[in-house]
>>> print(open('my_file-v3.pdb').read())   # PDB, C-alpha atoms
ATOM      1  CA  MET A   1     163.755 145.997  67.426
ATOM      2  CA  ASP A   2     166.662 146.426  65.027
ATOM      3  CA  THR A   3     165.869 149.751  63.334
ATOM      4  CA  GLU A   4     167.808 148.723  60.215
ATOM      5  CA  LEU A   5     165.440 145.769  59.651
ATOM      6  CA  LEU A   6     162.427 148.053  60.054
ATOM      7  CA  ILE A   7     163.835 150.570  57.578
ATOM      8  CA  ARG A   8     164.679 147.843  55.047
ATOM      9  CA  ALA A   9     161.142 146.457  55.349
ATOM     10  CA  ARG A  10     159.636 149.907  54.825
ATOM     11  CA  GLU A  11     161.903 150.612  51.830
ATOM     12  CA  LEU A  12     160.789 147.433  50.056
ATOM     13  CA  LEU A  13     157.272 148.835  49.916
ATOM     14  CA  GLU A  14     158.138 152.471  49.280
ATOM     15  CA  ASN A  15     156.845 152.456  45.700
ATOM     16  CA  LEU A  16     154.752 149.282  45.519
ATOM     17  CA  THR A  17     151.015 149.100  46.049
ATOM     18  CA  PRO A  18     148.432 146.311  45.741
ATOM     19  CA  LEU A  19     147.759 147.284  42.119
ATOM     20  CA  LYS A  20     150.047 148.721  39.447
ATOM     21  CA  THR A  21     147.968 151.886  39.764
ATOM     22  CA  ASN A  22     146.793 153.852  42.778
ATOM     23  CA  CYS A  23     144.233 151.525  44.358
ATOM     24  CA  GLY A  24     142.982 154.401  46.522
ATOM     25  CA  LEU A  25     141.231 155.773  43.457
ATOM     26  CA  LEU A  26     138.848 152.769  43.592
ATOM     27  CA  CYS A  27     137.685 153.362  47.139
ATOM     28  CA  GLY A  28     138.411 157.027  47.740
ATOM     29  CA  GLY A  29     141.281 156.144  50.074
ATOM     30  CA  ALA A  30     138.938 154.389  52.516
ATOM     31  CA  CYS A  31     141.838 152.823  54.420
ATOM     32  CA  CYS A  32     143.187 156.336  55.102
ATOM     33  CA  GLU A  33     140.024 157.581  56.801
ATOM     34  CA  ALA A  34     138.618 157.039  60.263
ATOM     35  CA  ASP A  35     135.237 155.321  60.428
ATOM     36  CA  GLU A  36     131.940 157.006  61.347
ATOM     37  CA  ASP A  37     132.846 156.812  65.040
ATOM     38  CA  GLY A  38     136.163 158.564  64.447
ATOM     39  CA  GLN A  39     137.962 155.312  65.107
ATOM     40  CA  GLY A  40     140.408 153.446  63.000
ATOM     41  CA  GLY A  41     144.068 153.609  62.385
ATOM     42  CA  VAL A  42     146.965 151.350  61.741
ATOM     43  CA  LEU A  43     149.078 149.466  64.238
ATOM     44  CA  LEU A  44     152.647 150.669  64.406
ATOM     45  CA  PHE A  45     155.471 148.176  64.176
ATOM     46  CA  PRO A  46     158.175 148.257  66.863
ATOM     47  CA  GLY A  47     160.229 151.415  66.354
ATOM     48  CA  GLU A  48     157.793 153.190  64.031
ATOM     49  CA  ALA A  49     156.407 155.613  66.618
ATOM     50  CA  GLU A  50     159.874 157.161  66.859
ATOM     51  CA  LEU A  51     160.059 157.513  63.065
ATOM     52  CA  LEU A  52     156.695 159.308  62.972
ATOM     53  CA  LYS A  53     157.291 161.746  65.846
ATOM     54  CA  GLY A  54     156.549 165.274  64.755
ATOM     55  CA  GLU A  55     154.602 164.312  61.620
ATOM     56  CA  SER A  56     151.608 166.667  61.391
ATOM     57  CA  TRP A  57     149.391 164.265  59.420
ATOM     58  CA  THR A  58     149.219 161.575  62.099
ATOM     59  CA  GLU A  59     148.280 161.251  65.717
ATOM     60  CA  ILE A  60     149.914 158.431  67.671
ATOM     61  CA  LEU A  61     147.415 156.825  70.035
ATOM     62  CA  PRO A  62     147.597 153.798  72.326
ATOM     63  CA  SER A  63     147.303 150.489  70.518
ATOM     64  CA  PRO A  64     144.583 147.907  71.164
ATOM     65  CA  MET A  65     147.384 145.314  70.944
ATOM     66  CA  PRO A  66     150.167 145.558  73.530
ATOM     67  CA  VAL A  67     152.848 142.919  72.873
ATOM     68  CA  ASN A  68     154.594 141.474  75.902
ATOM     69  CA  GLY A  69     153.417 144.515  77.849
ATOM     70  CA  ILE A  70     154.735 147.009  75.272
ATOM     71  CA  ASP A  71     152.365 149.397  73.511
ATOM     72  CA  TYR A  72     153.873 150.303  70.142
ATOM     73  CA  GLY A  73     151.043 152.674  69.330
ATOM     74  CA  MET A  74     148.603 153.202  66.522
ATOM     75  CA  SER A  75     148.733 155.883  63.840
ATOM     76  CA  VAL A  76     145.489 157.702  63.115
ATOM     77  CA  CYS A  77     145.903 159.561  59.858
ATOM     78  CA  SER A  78     144.294 162.864  58.928
ATOM     79  CA  GLY A  79     143.554 161.389  55.491
ATOM     80  CA  ARG A  80     146.581 162.844  53.702
ATOM     81  CA  CYS A  81     149.978 161.483  54.674
ATOM     82  CA  ASP A  82     153.513 161.983  53.523
ATOM     83  CA  ARG A  83     153.606 158.710  51.535
ATOM     84  CA  SER A  84     157.332 158.319  52.107
ATOM     85  CA  MET A  85     156.636 158.214  55.851
ATOM     86  CA  ARG A  86     153.466 156.097  55.897
ATOM     87  CA  PRO A  87     153.499 153.260  58.440
ATOM     88  CA  LEU A  88     154.418 149.718  57.435
ATOM     89  CA  GLY A  89     150.882 148.609  58.299
ATOM     90  CA  CYS A  90     149.602 150.937  55.551
ATOM     91  CA  ARG A  91     152.261 149.686  53.154
ATOM     92  CA  ILE A  92     151.259 146.022  53.555
ATOM     93  CA  PHE A  93     147.469 146.579  53.476
ATOM     94  CA  PRO A  94     145.306 144.588  52.603
ATOM     95  CA  LEU A  95     147.681 141.760  53.531
ATOM     96  CA  THR A  96     148.470 140.403  56.957
ATOM     97  CA  PRO A  97     151.110 138.075  58.420
ATOM     98  CA  VAL A  98     150.262 134.499  59.270
ATOM     99  CA  PHE A  99     152.487 131.821  60.739
ATOM    100  CA  THR A 100     151.698 128.325  59.519
ATOM    101  CA  LYS A 101     151.487 125.357  61.871
ATOM    102  CA  ASP A 102     155.065 124.471  60.972
ATOM    103  CA  GLY A 103     156.216 128.017  61.859
ATOM    104  CA  ARG A 104     156.680 129.451  58.366
ATOM    105  CA  LEU A 105     155.701 133.071  57.842
ATOM    106  CA  LYS A 106     153.287 133.733  55.000
ATOM    107  CA  VAL A 107     150.870 136.484  54.009
ATOM    108  CA  ARG A 108     147.160 136.406  53.301
ATOM    109  CA  THR A 109     144.383 138.929  52.926
ATOM    110  CA  ASP A 110     143.429 140.686  56.142
ATOM    111  CA  ARG A 111     139.936 139.933  57.446
ATOM    112  CA  ARG A 112     139.582 143.546  58.589
ATOM    113  CA  ALA A 113     140.010 144.776  55.004
ATOM    114  CA  TRP A 114     136.608 143.415  53.921
ATOM    115  CA  ALA A 115     134.903 146.429  55.465
ATOM    116  CA  MET A 116     136.664 148.909  53.184
ATOM    117  CA  CYS A 117     138.762 147.379  50.415
ATOM    118  CA  PRO A 118     137.147 146.660  47.025
ATOM    119  CA  LEU A 119     140.102 144.400  46.129
ATOM    120  CA  MET A 120     139.101 141.756  48.663
ATOM    121  CA  PRO A 121     136.728 139.685  46.484
ATOM    122  CA  ALA A 122     139.633 138.980  44.083
ATOM    123  CA  GLY A 123     141.738 137.667  46.965
ATOM    124  CA  ILE A 124     145.506 137.618  47.059
ATOM    125  CA  ARG A 125     145.626 136.426  43.448
ATOM    126  CA  GLY A 126     144.056 139.714  42.377
ATOM    127  CA  LEU A 127     146.920 141.752  43.828
ATOM    128  CA  TYR A 128     150.044 142.830  41.970
ATOM    129  CA  PRO A 129     152.451 139.849  42.410
ATOM    130  CA  ASP A 130     155.487 142.102  43.001
ATOM    131  CA  PHE A 131     153.574 143.742  45.859
ATOM    132  CA  VAL A 132     152.699 140.392  47.441
ATOM    133  CA  SER A 133     156.336 139.239  47.183
ATOM    134  CA  ALA A 134     157.626 142.491  48.679
ATOM    135  CA  VAL A 135     155.192 142.239  51.610
ATOM    136  CA  GLN A 136     156.371 138.666  52.249
ATOM    137  CA  GLU A 137     160.010 139.792  52.173
ATOM    138  CA  ALA A 138     159.362 142.849  54.362
ATOM    139  CA  LEU A 139     157.613 140.761  57.015
ATOM    140  CA  THR A 140     160.467 138.256  56.868
ATOM    141  CA  PHE A 141     162.830 141.108  57.802
ATOM    142  CA  ILE A 142     160.588 142.015  60.730
ATOM    143  CA  ALA A 143     160.346 138.380  61.896
ATOM    144  CA  ALA A 144     164.151 138.083  61.857
ATOM    145  CA  ASP A 145     164.167 140.169  65.048
ATOM    146  CA  PRO A 146     162.704 138.469  68.173
ATOM    147  CA  GLU A 147     160.733 141.583  69.100
ATOM    148  CA  GLY A 148     159.459 141.831  65.530
ATOM    149  CA  GLU A 149     158.435 138.175  65.477
ATOM    150  CA  ALA A 150     156.518 138.584  68.761
ATOM    151  CA  PHE A 151     154.766 141.606  67.243
ATOM    152  CA  LEU A 152     153.786 139.693  64.088
ATOM    153  CA  ARG A 153     152.440 136.789  66.147
ATOM    154  CA  ALA A 154     150.361 139.201  68.257
ATOM    155  CA  TRP A 155     149.132 140.886  65.037
ATOM    156  CA  GLN A 156     148.077 137.463  63.728
ATOM    157  CA  ASP A 157     146.204 136.746  66.962
ATOM    158  CA  LEU A 158     144.388 140.086  66.795
ATOM    159  CA  GLU A 159     143.500 139.675  63.121
ATOM    160  CA  GLY A 160     142.376 136.104  63.811
ATOM    161  CA  SER A 161     139.838 137.353  66.325
ATOM    162  CA  TYR A 162     137.784 138.880  63.499
ATOM    163  CA  ALA A 163     135.145 136.853  61.666
ATOM    164  CA  GLU A 164     136.535 134.709  58.876
ATOM    165  CA  SER A 165     135.494 135.259  55.306
ATOM    166  CA  PRO A 166     135.361 132.402  52.782
ATOM    167  CA  PHE A 167     137.404 134.559  50.382
ATOM    168  CA  LEU A 168     140.584 134.968  52.469
ATOM    169  CA  LEU A 169     143.032 133.365  50.069
TER
END
>>> encode(input="my_file-v3.pdb", output="structure tokens")
Amino acid sequence: MDTELLIRARELLENLTPLKTNCGLLCGGACCEADEDGQGGVLLFPGEAELLKGESWTEILPSPMPVNGIDYGMSVCSGRCDRSMRPLGCRIFPLTPVFTKDGRLKVRTDRRAWAMCPLMPAGIRGLYPDFVSAVQEALTFIAADPEGEAFLRAWQDLEGSYAESPFLL
């Protein structure tokens, strides 16, 4: 993947979060913690594992979602990251990419977020609009690269395998 596109996508979300304030204060940073089984983590976008090498706050593990035979990895955080280095998957949470039937890339709330994110009942309309726009733009950068687009489509397939909630949009 074109590293410049990845970096531009990450930069768009450097200082934006789902709310104008630190949403982690509402849930105690639940999305930064492993679950009771010690599982959990965030999928790494193509090229991110190289950016995170040597970071003490994360462990890079195999991903449950190889794309075209490539395992980009998954970051499992110790609970306290260097926010300037956090993975793009953390930066876009609780949103997820979705390609429409006509091939357009959009964002919606991630089905997996229902287990931990108190913002979910408000849906996408409850999120800071600048954040939603920046996530859309960041994912558009990723999709501009063929490897990035394949990754986003695989992400959508994985997310789609989870039970649907009536409050997705």
>>> closest_residue(input="my_file-v3.pdb", among="A:Gly41, A:Gly160, A:Pro118, A:Gly73", to="Thr96 of chain A", atoms="all atoms listed in the file")
A:Gly160
>>> closest_residue(input="my_file-v3.pdb", among="A:Ala154, A:Ser75, A:Gly148, A:Arg80", to="Glu50 of chain A", atoms="all atoms listed in the file")
A:Ser75
>>> residues_near_point(input="my_file-v3.pdb", point="(161.7, 146.1, 49.6)", cutoff="8 Å", atoms="only C-alpha atoms", output="PDB file with C-alpha atoms, keeping the file's coordinate frame")
ATOM      1  CA  ARG A   8     164.679 147.843  55.047  1.00  0.00           C
ATOM      2  CA  ALA A   9     161.142 146.457  55.349  1.00  0.00           C
ATOM      3  CA  ARG A  10     159.636 149.907  54.825  1.00  0.00           C
ATOM      4  CA  GLU A  11     161.903 150.612  51.830  1.00  0.00           C
ATOM      5  CA  LEU A  12     160.789 147.433  50.056  1.00  0.00           C
ATOM      6  CA  LEU A  13     157.272 148.835  49.916  1.00  0.00           C
ATOM      7  CA  GLU A  14     158.138 152.471  49.280  1.00  0.00           C
ATOM      8  CA  ALA A 134     157.626 142.491  48.679  1.00  0.00           C
ATOM      9  CA  VAL A 135     155.192 142.239  51.610  1.00  0.00           C
ATOM     10  CA  GLU A 137     160.010 139.792  52.173  1.00  0.00           C
ATOM     11  CA  ALA A 138     159.362 142.849  54.362  1.00  0.00           C
TER      12      ALA A 138
END
>>> atom_distance(input="my_file-v3.pdb", atom1="atom CA of Thr109 of chain A", atom2="atom CA of Phe141 of chain A")
19.2 Å
>>> residues_around(input="my_file-v3.pdb", residues="Arg83 of chain A", least_positions_apart="6", cutoff="12 Å", atoms="all atoms listed in the file", output="list in words")
Arg10, Glu11, Leu13, Glu14, Asn15, Leu16, Thr17, Cys32, Leu52, Glu55, Trp57, Thr58, Cys77, Cys90 and Arg91 of chain A
>>> resolve_selection(input="my_file-v3.pdb", expression="the PyMOL selection byres ((chain A and resi 49) around 12)", output="PyMOL selection string")
chain A and resi 3+6+42-48+50-55+58-63+71-76+85-88
>>> closest_residue(input="my_file-v3.pdb", among="A:Gly29, A:Pro97, A:Pro121, A:Gly126", to="Gly79 of chain A", atoms="all atoms listed in the file")
A:Gly29
>>> atom_distance(input="my_file-v3.pdb", atom1="atom CA of Ala144 of chain A", atom2="atom CA of Met1 of chain A")
9.7 Å
>>> atom_distance(input="my_file-v3.pdb", atom1="atom CA of Leu19 of chain A", atom2="atom CA of Asp157 of chain A")
27.0 Å
>>> residues_around(input="my_file-v3.pdb", residues="Cys31 of chain A", least_positions_apart="4", cutoff="9 Å", atoms="all atoms listed in the file", output="PyMOL selection string")
chain A and resi 24+27+40-41+79+90+93+113+116-117
>>> closest_residue(input="my_file-v3.pdb", among="A:Val107, A:Phe151, A:Leu158, A:Arg112", to="Arg125 of chain A", atoms="only C-alpha atoms")
A:Val107
>>> closest_residue(input="my_file-v3.pdb", among="A:Cys81, A:Glu33, A:Gly89, A:Pro18", to="Ser133 of chain A", atoms="only C-alpha atoms")
A:Pro18
